[in-house]
>>> print(open('my_file17.cif').read())   # mmCIF, C-alpha atoms; chains and numbers go by the auth columns
data_protein
#
loop_
_atom_site.group_PDB
_atom_site.id
_atom_site.type_symbol
_atom_site.label_atom_id
_atom_site.label_comp_id
_atom_site.label_asym_id
_atom_site.label_seq_id
_atom_site.Cartn_x
_atom_site.Cartn_y
_atom_site.Cartn_z
_atom_site.B_iso_or_equiv
_atom_site.auth_seq_id
_atom_site.auth_asym_id
ATOM 1 C CA MET A 1 52.927 110.075 -177.645 0.00 1 B
ATOM 2 C CA ARG A 2 53.014 106.565 -179.105 0.00 2 B
ATOM 3 C CA TYR A 3 51.200 107.820 -182.206 0.00 3 B
ATOM 4 C CA THR A 4 53.807 110.489 -182.935 0.00 4 B
ATOM 5 C CA SER A 5 56.871 108.378 -182.124 0.00 5 B
ATOM 6 C CA SER A 6 55.690 105.370 -184.160 0.00 6 B
ATOM 7 C CA SER A 7 56.319 107.172 -187.452 0.00 7 B
ATOM 8 C CA SER A 8 59.691 108.560 -188.532 0.00 8 B
ATOM 9 C CA VAL A 9 57.855 110.946 -190.870 0.00 9 B
ATOM 10 C CA ARG A 10 55.755 112.405 -188.064 0.00 10 B
ATOM 11 C CA VAL A 11 58.805 112.658 -185.804 0.00 11 B
ATOM 12 C CA THR A 12 60.727 114.514 -188.524 0.00 12 B
ATOM 13 C CA ILE A 13 57.847 116.930 -189.141 0.00 13 B
ATOM 14 C CA LEU A 14 57.439 117.687 -185.439 0.00 14 B
ATOM 15 C CA LEU A 15 61.157 118.244 -184.967 0.00 15 B
ATOM 16 C CA CYS A 16 61.130 120.742 -187.843 0.00 16 B
ATOM 17 C CA LEU A 17 58.096 122.549 -186.447 0.00 17 B
ATOM 18 C CA SER A 18 59.745 122.728 -183.013 0.00 18 B
ATOM 19 C CA GLU A 19 62.143 125.256 -184.561 0.00 19 B
ATOM 20 C CA GLY A 20 59.303 127.562 -185.651 0.00 20 B
ATOM 21 C CA LEU A 21 56.578 128.102 -188.231 0.00 21 B
ATOM 22 C CA GLN A 22 57.114 126.330 -191.551 0.00 22 B
ATOM 23 C CA THR A 23 55.352 126.413 -194.926 0.00 23 B
ATOM 24 C CA MET A 24 54.768 123.229 -196.909 0.00 24 B
ATOM 25 C CA SER A 25 57.665 124.057 -199.257 0.00 25 B
ATOM 26 C CA GLU A 26 59.946 124.766 -196.290 0.00 26 B
ATOM 27 C CA LEU A 27 59.017 121.458 -194.666 0.00 27 B
ATOM 28 C CA LYS A 28 59.626 119.628 -197.944 0.00 28 B
ATOM 29 C CA LYS A 29 63.043 121.265 -198.359 0.00 29 B
ATOM 30 C CA GLU A 30 64.020 120.676 -194.726 0.00 30 B
ATOM 31 C CA THR A 31 62.884 117.045 -194.496 0.00 31 B
ATOM 32 C CA GLY A 32 63.312 115.758 -198.047 0.00 32 B
ATOM 33 C CA ILE A 33 59.856 114.210 -197.771 0.00 33 B
ATOM 34 C CA SER A 34 57.301 114.546 -200.581 0.00 34 B
ATOM 35 C CA SER A 35 54.554 117.164 -200.287 0.00 35 B
ATOM 36 C CA SER A 36 51.819 114.511 -200.453 0.00 36 B
ATOM 37 C CA THR A 37 53.310 112.534 -197.571 0.00 37 B
ATOM 38 C CA ILE A 38 53.779 115.680 -195.482 0.00 38 B
ATOM 39 C CA SER A 39 50.246 116.845 -196.262 0.00 39 B
ATOM 40 C CA HIS A 40 48.737 113.483 -195.294 0.00 40 B
ATOM 41 C CA ASN A 41 50.600 113.397 -191.960 0.00 41 B
ATOM 42 C CA LEU A 42 49.894 117.046 -191.161 0.00 42 B
ATOM 43 C CA SER A 43 46.203 116.386 -191.743 0.00 43 B
ATOM 44 C CA ASP A 44 46.299 113.573 -189.165 0.00 44 B
ATOM 45 C CA LEU A 45 48.319 115.698 -186.744 0.00 45 B
ATOM 46 C CA GLU A 46 45.845 118.583 -187.053 0.00 46 B
ATOM 47 C CA LYS A 47 42.910 116.237 -186.360 0.00 47 B
ATOM 48 C CA ARG A 48 44.634 115.214 -183.139 0.00 48 B
ATOM 49 C CA LYS A 49 45.246 118.894 -182.218 0.00 49 B
ATOM 50 C CA ILE A 50 49.017 118.367 -182.324 0.00 50 B
ATOM 51 C CA THR A 51 49.683 120.867 -185.111 0.00 51 B
ATOM 52 C CA THR A 52 47.719 123.799 -186.478 0.00 52 B
ATOM 53 C CA LYS A 53 47.880 126.116 -189.475 0.00 53 B
ATOM 54 C CA ASP A 54 48.175 129.897 -189.631 0.00 54 B
ATOM 55 C CA GLY A 55 47.701 131.023 -193.227 0.00 55 B
ATOM 56 C CA GLU A 56 50.255 129.062 -195.234 0.00 56 B
ATOM 57 C CA LYS A 57 52.394 128.202 -192.233 0.00 57 B
ATOM 58 C CA TYR A 58 52.158 125.207 -189.936 0.00 58 B
ATOM 59 C CA HIS A 59 53.160 125.197 -186.282 0.00 59 B
ATOM 60 C CA LEU A 60 52.834 123.148 -183.117 0.00 60 B
ATOM 61 C CA SER A 61 49.771 123.518 -180.935 0.00 61 B
ATOM 62 C CA PRO A 62 50.285 123.846 -177.151 0.00 62 B
ATOM 63 C CA LEU A 63 49.605 120.097 -176.878 0.00 63 B
ATOM 64 C CA GLY A 64 51.972 119.470 -179.776 0.00 64 B
ATOM 65 C CA ARG A 65 54.723 121.454 -178.102 0.00 65 B
ATOM 66 C CA ILE A 66 54.434 119.336 -174.946 0.00 66 B
ATOM 67 C CA ILE A 67 54.512 116.135 -176.979 0.00 67 B
ATOM 68 C CA THR A 68 57.430 117.300 -179.127 0.00 68 B
ATOM 69 C CA LEU A 69 59.548 118.477 -176.210 0.00 69 B
ATOM 70 C CA ASN A 70 59.115 115.082 -174.559 0.00 70 B
ATOM 71 C CA LEU A 71 59.852 113.424 -177.873 0.00 71 B
ATOM 72 C CA ILE A 72 63.104 115.377 -178.157 0.00 72 B
ATOM 73 C CA GLU A 73 64.085 114.357 -174.619 0.00 73 B
ATOM 74 C CA ASN A 74 63.424 110.690 -175.448 0.00 74 B
ATOM 75 C CA ILE A 75 65.509 110.958 -178.605 0.00 75 B
ATOM 76 C CA LYS A 76 68.408 112.515 -176.679 0.00 76 B
ATOM 77 C CA ASN A 77 68.138 109.920 -173.900 0.00 77 B
ATOM 78 C CA ASN A 78 68.147 107.035 -176.377 0.00 78 B
ATOM 79 C CA SER A 79 71.068 108.632 -178.197 0.00 79 B
ATOM 80 C CA VAL A 80 73.147 108.873 -175.002 0.00 80 B
ATOM 81 C CA VAL A 81 72.346 105.288 -173.998 0.00 81 B
ATOM 82 C CA SER A 82 73.315 103.963 -177.433 0.00 82 B
ATOM 83 C CA LYS A 83 76.278 106.245 -178.129 0.00 83 B
ATOM 84 C CA PHE A 84 77.992 105.641 -174.792 0.00 84 B
ATOM 85 C CA LYS A 85 76.886 102.069 -174.175 0.00 85 B
ATOM 86 C CA LYS A 86 80.515 101.139 -173.474 0.00 86 B
ATOM 87 C CA LEU A 87 80.509 103.510 -170.483 0.00 87 B
ATOM 88 C CA TRP A 88 77.155 102.498 -169.007 0.00 88 B
ATOM 89 C CA MET A 89 77.733 98.740 -169.248 0.00 89 B
ATOM 90 C CA ASP A 90 79.366 97.100 -166.210 0.00 90 B
ATOM 91 C CA HIS A 91 79.633 100.438 -164.394 0.00 91 B
ATOM 92 C CA ASP A 92 78.000 101.558 -161.158 0.00 92 B
ATOM 93 C CA LEU A 93 75.327 104.215 -161.799 0.00 93 B
ATOM 94 C CA SER A 94 73.837 104.153 -158.295 0.00 94 B
ATOM 95 C CA SER A 95 75.395 107.528 -157.385 0.00 95 B
ATOM 96 C CA ILE A 96 73.492 109.354 -160.116 0.00 96 B
ATOM 97 C CA PRO A 97 70.063 110.195 -158.637 0.00 97 B
ATOM 98 C CA PRO A 98 66.957 109.132 -160.635 0.00 98 B
ATOM 99 C CA THR A 99 66.071 112.766 -161.394 0.00 99 B
ATOM 100 C CA MET A 100 69.433 113.173 -163.141 0.00 100 B
ATOM 101 C CA ILE A 101 69.205 109.779 -164.869 0.00 101 B
ATOM 102 C CA LYS A 102 65.934 110.942 -166.427 0.00 102 B
ATOM 103 C CA ARG A 103 67.854 113.869 -167.932 0.00 103 B
ATOM 104 C CA ILE A 104 70.846 111.833 -169.083 0.00 104 B
ATOM 105 C CA GLY A 105 69.995 113.055 -172.587 0.00 105 B
ATOM 106 C CA ASP A 106 71.554 116.397 -171.628 0.00 106 B
ATOM 107 C CA LEU A 107 74.890 114.643 -172.199 0.00 107 B
ATOM 108 C CA HIS A 108 74.164 113.828 -175.851 0.00 108 B
ATOM 109 C CA ASN A 109 76.802 116.271 -177.148 0.00 109 B
ATOM 110 C CA SER A 110 79.640 114.546 -175.308 0.00 110 B
ATOM 111 C CA VAL A 111 82.777 112.647 -176.248 0.00 111 B
ATOM 112 C CA LEU A 112 84.058 109.498 -174.571 0.00 112 B
ATOM 113 C CA ILE A 113 87.786 109.874 -173.909 0.00 113 B
ATOM 114 C CA GLU A 114 89.481 106.492 -173.576 0.00 114 B
ATOM 115 C CA ALA A 115 92.974 105.447 -172.615 0.00 115 B
ATOM 116 C CA GLU A 116 94.420 103.581 -175.556 0.00 116 B
ATOM 117 C CA SER A 117 97.621 101.663 -176.146 0.00 117 B
ATOM 118 C CA GLY A 118 100.432 104.209 -176.009 0.00 118 B
ATOM 119 C CA GLU A 119 98.059 106.861 -174.628 0.00 119 B
ATOM 120 C CA ILE A 120 97.228 105.551 -171.171 0.00 120 B
ATOM 121 C CA PHE A 121 97.272 109.065 -169.698 0.00 121 B
ATOM 122 C CA LYS A 122 94.866 110.494 -172.288 0.00 122 B
ATOM 123 C CA PRO A 123 91.916 110.963 -169.850 0.00 123 B
ATOM 124 C CA HIS A 124 94.264 112.581 -167.299 0.00 124 B
ATOM 125 C CA GLU A 125 95.789 114.910 -169.892 0.00 125 B
ATOM 126 C CA THR A 126 92.333 115.854 -171.181 0.00 126 B
ATOM 127 C CA TYR A 127 91.234 116.641 -167.626 0.00 127 B
ATOM 128 C CA GLN A 128 94.160 119.026 -167.132 0.00 128 B
ATOM 129 C CA LYS A 129 93.267 120.857 -170.337 0.00 129 B
ATOM 130 C CA ILE A 130 89.640 121.121 -169.256 0.00 130 B
ATOM 131 C CA ILE A 131 90.263 122.824 -165.928 0.00 131 B
ATOM 132 C CA SER A 132 92.921 125.196 -167.282 0.00 132 B
ATOM 133 C CA GLY A 133 91.385 128.500 -168.316 0.00 133 B
ATOM 134 C CA SER A 134 88.168 127.935 -166.359 0.00 134 B
ATOM 135 C CA LYS A 135 86.453 130.531 -164.192 0.00 135 B
ATOM 136 C CA TYR A 136 85.505 127.989 -161.540 0.00 136 B
ATOM 137 C CA ILE A 137 86.081 124.321 -160.760 0.00 137 B
ATOM 138 C CA LYS A 138 83.583 122.155 -158.924 0.00 138 B
ATOM 139 C CA GLY A 139 84.246 118.499 -158.311 0.00 139 B
ATOM 140 C CA VAL A 140 83.008 115.413 -156.522 0.00 140 B
ATOM 141 C CA SER A 141 85.613 112.732 -156.016 0.00 141 B
ATOM 142 C CA PRO A 142 86.065 109.506 -154.056 0.00 142 B
ATOM 143 C CA ILE A 143 89.600 109.433 -155.516 0.00 143 B
ATOM 144 C CA PHE A 144 92.300 111.970 -154.774 0.00 144 B
ATOM 145 C CA ARG A 145 95.571 112.831 -156.476 0.00 145 B
ATOM 146 C CA PHE A 146 97.709 115.069 -154.286 0.00 146 B
ATOM 147 C CA ASN A 147 99.549 116.424 -157.338 0.00 147 B
ATOM 148 C CA TYR A 148 96.259 118.024 -158.394 0.00 148 B
ATOM 149 C CA ILE A 149 96.645 120.389 -155.436 0.00 149 B
ATOM 150 C CA ASP A 150 99.603 121.978 -157.244 0.00 150 B
ATOM 151 C CA LEU A 151 97.461 122.463 -160.334 0.00 151 B
ATOM 152 C CA TYR A 152 94.477 123.838 -158.405 0.00 152 B
ATOM 153 C CA LYS A 153 96.681 126.132 -156.303 0.00 153 B
ATOM 154 C CA LYS A 154 98.350 127.562 -159.396 0.00 154 B
ATOM 155 C CA LEU A 155 94.971 128.310 -160.946 0.00 155 B
ATOM 156 C CA VAL A 156 93.724 129.926 -157.724 0.00 156 B
ATOM 157 C CA VAL A 157 96.845 132.051 -157.180 0.00 157 B
ATOM 158 C CA GLU A 158 97.571 133.077 -160.764 0.00 158 B
ATOM 159 C CA HIS A 159 94.078 133.245 -162.221 0.00 159 B
ATOM 160 C CA GLU A 160 91.840 133.664 -159.141 0.00 160 B
ATOM 161 C CA ILE A 161 89.724 130.659 -160.079 0.00 161 B
ATOM 162 C CA GLU A 162 87.168 129.492 -157.503 0.00 162 B
ATOM 163 C CA VAL A 163 87.585 125.850 -156.477 0.00 163 B
ATOM 164 C CA GLU A 164 84.984 123.734 -154.681 0.00 164 B
ATOM 165 C CA LEU A 165 85.825 120.090 -154.065 0.00 165 B
ATOM 166 C CA ILE A 166 83.687 117.468 -152.364 0.00 166 B
ATOM 167 C CA LEU A 167 85.741 114.521 -151.109 0.00 167 B
ATOM 168 C CA THR A 168 84.617 111.321 -149.452 0.00 168 B
ATOM 169 C CA GLN A 169 85.381 110.713 -145.799 0.00 169 B
ATOM 170 C CA ASN A 170 87.509 107.721 -146.741 0.00 170 B
ATOM 171 C CA ILE A 171 89.743 109.822 -148.999 0.00 171 B
ATOM 172 C CA VAL A 172 90.081 112.499 -146.318 0.00 172 B
ATOM 173 C CA ASN A 173 91.102 109.847 -143.782 0.00 173 B
ATOM 174 C CA GLN A 174 93.650 108.285 -146.149 0.00 174 B
ATOM 175 C CA THR A 175 95.088 111.664 -147.102 0.00 175 B
ATOM 176 C CA MET A 176 95.377 112.900 -143.534 0.00 176 B
ATOM 177 C CA GLY A 177 96.788 109.587 -142.357 0.00 177 B
ATOM 178 C CA GLY A 178 99.572 109.505 -144.921 0.00 178 B
ATOM 179 C CA ILE A 179 100.490 113.164 -145.158 0.00 179 B
ATOM 180 C CA ASP A 180 103.729 114.542 -143.691 0.00 180 B
ATOM 181 C CA GLY A 181 104.193 117.881 -141.965 0.00 181 B
ATOM 182 C CA GLN A 182 105.414 119.779 -145.015 0.00 182 B
ATOM 183 C CA ASN A 183 102.562 118.581 -147.230 0.00 183 B
ATOM 184 C CA LEU A 184 100.071 119.257 -144.450 0.00 184 B
ATOM 185 C CA GLU A 185 101.192 122.883 -144.305 0.00 185 B
ATOM 186 C CA TYR A 186 100.955 123.071 -148.080 0.00 186 B
ATOM 187 C CA LEU A 187 97.409 121.680 -147.965 0.00 187 B
ATOM 188 C CA GLN A 188 96.438 124.043 -145.135 0.00 188 B
ATOM 189 C CA ASP A 189 97.746 126.991 -147.133 0.00 189 B
ATOM 190 C CA PHE A 190 95.675 125.874 -150.116 0.00 190 B
ATOM 191 C CA MET A 191 92.514 125.423 -148.029 0.00 191 B
ATOM 192 C CA SER A 192 92.928 128.777 -146.263 0.00 192 B
ATOM 193 C CA ARG A 193 92.475 130.745 -149.471 0.00 193 B
ATOM 194 C CA ASP A 194 89.145 132.564 -149.882 0.00 194 B
ATOM 195 C CA LYS A 195 88.441 131.026 -153.274 0.00 195 B
ATOM 196 C CA VAL A 196 88.890 127.438 -152.054 0.00 196 B
ATOM 197 C CA LYS A 197 86.156 125.396 -150.373 0.00 197 B
ATOM 198 C CA LEU A 198 86.463 121.740 -149.455 0.00 198 B
ATOM 199 C CA TRP A 199 83.575 119.546 -148.388 0.00 199 B
ATOM 200 C CA VAL A 200 83.259 115.983 -147.155 0.00 200 B
ATOM 201 C CA ILE A 201 80.549 113.370 -147.749 0.00 201 B
ATOM 202 C CA PRO A 202 80.124 109.642 -147.164 0.00 202 B
ATOM 203 C CA ASP A 203 81.225 107.223 -149.874 0.00 203 B
ATOM 204 C CA VAL A 204 80.009 107.755 -153.461 0.00 204 B
ATOM 205 C CA LYS A 205 80.774 105.856 -156.660 0.00 205 B
ATOM 206 C CA ILE A 206 81.144 108.689 -159.114 0.00 206 B
ATOM 207 C CA ALA A 207 83.873 111.189 -159.941 0.00 207 B
ATOM 208 C CA PHE A 208 83.124 114.324 -161.915 0.00 208 B
ATOM 209 C CA THR A 209 84.313 117.873 -162.436 0.00 209 B
ATOM 210 C CA VAL A 210 82.288 120.733 -163.852 0.00 210 B
ATOM 211 C CA THR A 211 83.571 124.147 -164.890 0.00 211 B
ATOM 212 C CA ASN A 212 81.907 127.084 -166.604 0.00 212 B
ATOM 213 C CA ARG A 213 82.856 125.456 -169.916 0.00 213 B
ATOM 214 C CA TYR A 214 83.167 121.696 -169.444 0.00 214 B
ATOM 215 C CA LEU A 215 81.870 118.590 -167.733 0.00 215 B
ATOM 216 C CA SER A 216 84.147 115.612 -167.095 0.00 216 B
ATOM 217 C CA LEU A 217 82.472 112.460 -165.766 0.00 217 B
ATOM 218 C CA GLY A 218 84.055 109.202 -164.600 0.00 218 B
ATOM 219 C CA LEU A 219 82.459 106.055 -163.181 0.00 219 B
ATOM 220 C CA PHE A 220 83.324 103.029 -161.085 0.00 220 B
ATOM 221 C CA HIS A 221 83.166 99.441 -162.282 0.00 221 B
ATOM 222 C CA GLU A 222 80.487 97.325 -160.646 0.00 222 B
ATOM 223 C CA ASN A 223 83.286 95.505 -158.793 0.00 223 B
ATOM 224 C CA GLY A 224 84.050 98.747 -156.897 0.00 224 B
ATOM 225 C CA ASN A 225 87.209 99.844 -158.732 0.00 225 B
ATOM 226 C CA TYR A 226 87.367 103.247 -160.391 0.00 226 B
ATOM 227 C CA ASP A 227 87.657 103.111 -164.185 0.00 227 B
ATOM 228 C CA SER A 228 90.510 105.523 -164.903 0.00 228 B
ATOM 229 C CA THR A 229 90.493 104.571 -168.593 0.00 229 B
ATOM 230 C CA LYS A 230 87.273 106.370 -169.537 0.00 230 B
ATOM 231 C CA ASP A 231 86.011 109.931 -169.119 0.00 231 B
ATOM 232 C CA LEU A 232 82.861 111.397 -170.615 0.00 232 B
ATOM 233 C CA VAL A 233 83.654 114.988 -171.604 0.00 233 B
ATOM 234 C CA SER A 234 81.374 117.715 -172.928 0.00 234 B
ATOM 235 C CA ASP A 235 81.502 121.445 -173.612 0.00 235 B
ATOM 236 C CA ASP A 236 77.758 121.570 -174.307 0.00 236 B
ATOM 237 C CA HIS A 237 75.762 124.065 -172.208 0.00 237 B
ATOM 238 C CA GLY A 238 73.161 121.442 -171.309 0.00 238 B
ATOM 239 C CA ALA A 239 75.841 119.072 -170.013 0.00 239 B
ATOM 240 C CA VAL A 240 77.434 121.846 -167.929 0.00 240 B
ATOM 241 C CA VAL A 241 74.033 122.672 -166.388 0.00 241 B
ATOM 242 C CA TRP A 242 73.497 118.951 -165.702 0.00 242 B
ATOM 243 C CA GLY A 243 76.900 118.758 -164.008 0.00 243 B
ATOM 244 C CA ASN A 244 76.272 121.832 -161.873 0.00 244 B
ATOM 245 C CA GLN A 245 72.952 120.447 -160.667 0.00 245 B
ATOM 246 C CA LEU A 246 74.560 117.102 -159.820 0.00 246 B
ATOM 247 C CA PHE A 247 77.221 118.997 -157.849 0.00 247 B
ATOM 248 C CA GLU A 248 74.550 120.933 -155.953 0.00 248 B
ATOM 249 C CA TYR A 249 72.814 117.633 -155.162 0.00 249 B
ATOM 250 C CA TYR A 250 75.960 116.415 -153.393 0.00 250 B
ATOM 251 C CA ARG A 251 76.898 119.755 -151.842 0.00 251 B
ATOM 252 C CA ASP A 252 73.519 119.805 -150.094 0.00 252 B
ATOM 253 C CA GLN A 253 74.544 116.577 -148.371 0.00 253 B
ATOM 254 C CA ALA A 254 78.133 117.599 -147.600 0.00 254 B
ATOM 255 C CA GLN A 255 79.779 119.173 -144.574 0.00 255 B
ATOM 256 C CA LYS A 256 82.534 121.756 -144.693 0.00 256 B
ATOM 257 C CA LEU A 257 85.960 120.164 -144.338 0.00 257 B
ATOM 258 C CA GLU A 258 88.097 121.603 -141.572 0.00 258 B
ATOM 259 C CA LEU A 259 91.650 120.463 -140.839 0.00 259 B
#
>>> encode(input="my_file17.cif", output="structure tokens")
Amino acid sequence: MRYTSSSSVRVTILLCLSEGLQTMSELKKETGISSSTISHNLSDLEKRKITTKDGEKYHLSPLGRIITLNLIENIKNNSVVSKFKKLWMDHDLSSIPPTMIKRIGDLHNSVLIEAESGEIFKPHETYQKIISGSKYIKGVSPIFRFNYIDLYKKLVVEHEIEVELILTQNIVNQTMGGIDGQNLEYLQDFMSRDKVKLWVIPDVKIAFTVTNRYLSLGLFHENGNYDSTKDLVSDDHGAVVWGNQLFEYYRDQAQKLEL
């Protein structure tokens, strides 16, 4: 692995071959590297059983495919760490399990939405756009905005969207403690619908929503306060899969919420 990753030329060749068989001229055109340099590196890669040749076409060996897939994952992971360094620094990542941290590269096709001067509600507005038009909404949240119930209820009633929300016990206690009779009835009506499921878990330091099309991820500062100024958003399939698996991780620990 160190041998392949230590050379940008070898990395480029392997990435090209990961997409399928390539001739020397195709590799040259795709990479912009000279034929002699490609030939020299392919010779070394073949000696190490990483690549092989079928007629005029080169391709990855089984060993080479394993190495290249891991190489791609490392590239994506490094890209996510570097690209979104502003999000990872000084934020609490303890609520993302190690198995999901290892696959943080699945978020490489994401965008960091930040509240800017004059646009302090930008993350909130983006979130509303994300959940509108979705087929399902799944969320984990240690924060709760009661006005979201109106939005969720409208989507459930008018578009028959399935909603699953996992709330922390603290948020449930605060909500129930401060809710009046009219709002309680409104909440009960929302929860009684077949397409709505609410769950409760102990405290977590992460807030995210995943739909069939998007992932929206927010984090807490290390000091314990939620950072409402930043949301990581992606419509990439890999990020949506990552978000769904993180949701399942928490749903397995949750209990059904009953009023």
>>> residues_around(input="my_file17.cif", residues="segment 94-99 of chain B", least_positions_apart="2", cutoff="7 Å", atoms="all atoms listed in the file", output="list of chain:residue names")
B:Asp92, B:Ile101, B:Lys102, B:Arg103, B:Val204, B:Lys205, B:Ile206
>>> closest_residue(input="my_file17.cif", among="B:Lys28, B:Lys135, B:His108, B:Lys230", to="Val163 of chain B", atoms="all atoms listed in the file")
B:Lys135
>>> residues_around(input="my_file17.cif", residues="Ser134 of chain B", least_positions_apart="5", cutoff="12 Å", atoms="all atoms listed in the file", output="list in words")
Tyr127, Gln128, Lys129, Tyr152, Leu155, Val156, His159, Glu160, Ile161, Glu162, Val163, Thr209, Val210, Thr211, Asn212, Arg213, Tyr214, Leu215 and Asp235 of chain B
>>> closest_residue(input="my_file17.cif", among="B:Arg10, B:His91, B:Val81, B:Ile66", to="Thr37 of chain B", atoms="only C-alpha atoms")
B:Arg10
>>> resolve_selection(input="my_file17.cif", expression="the PyMOL selection byres ((chain B and resi 222) around 8)", output="MDAnalysis selection string")
chainID B and resid 90:92 220:221 223:225
>>> closest_residue(input="my_file17.cif", among="B:Leu21, B:Gly238, B:Asn70, B:Ile38", to="Asp54 of chain B", atoms="all atoms listed in the file")
B:Leu21
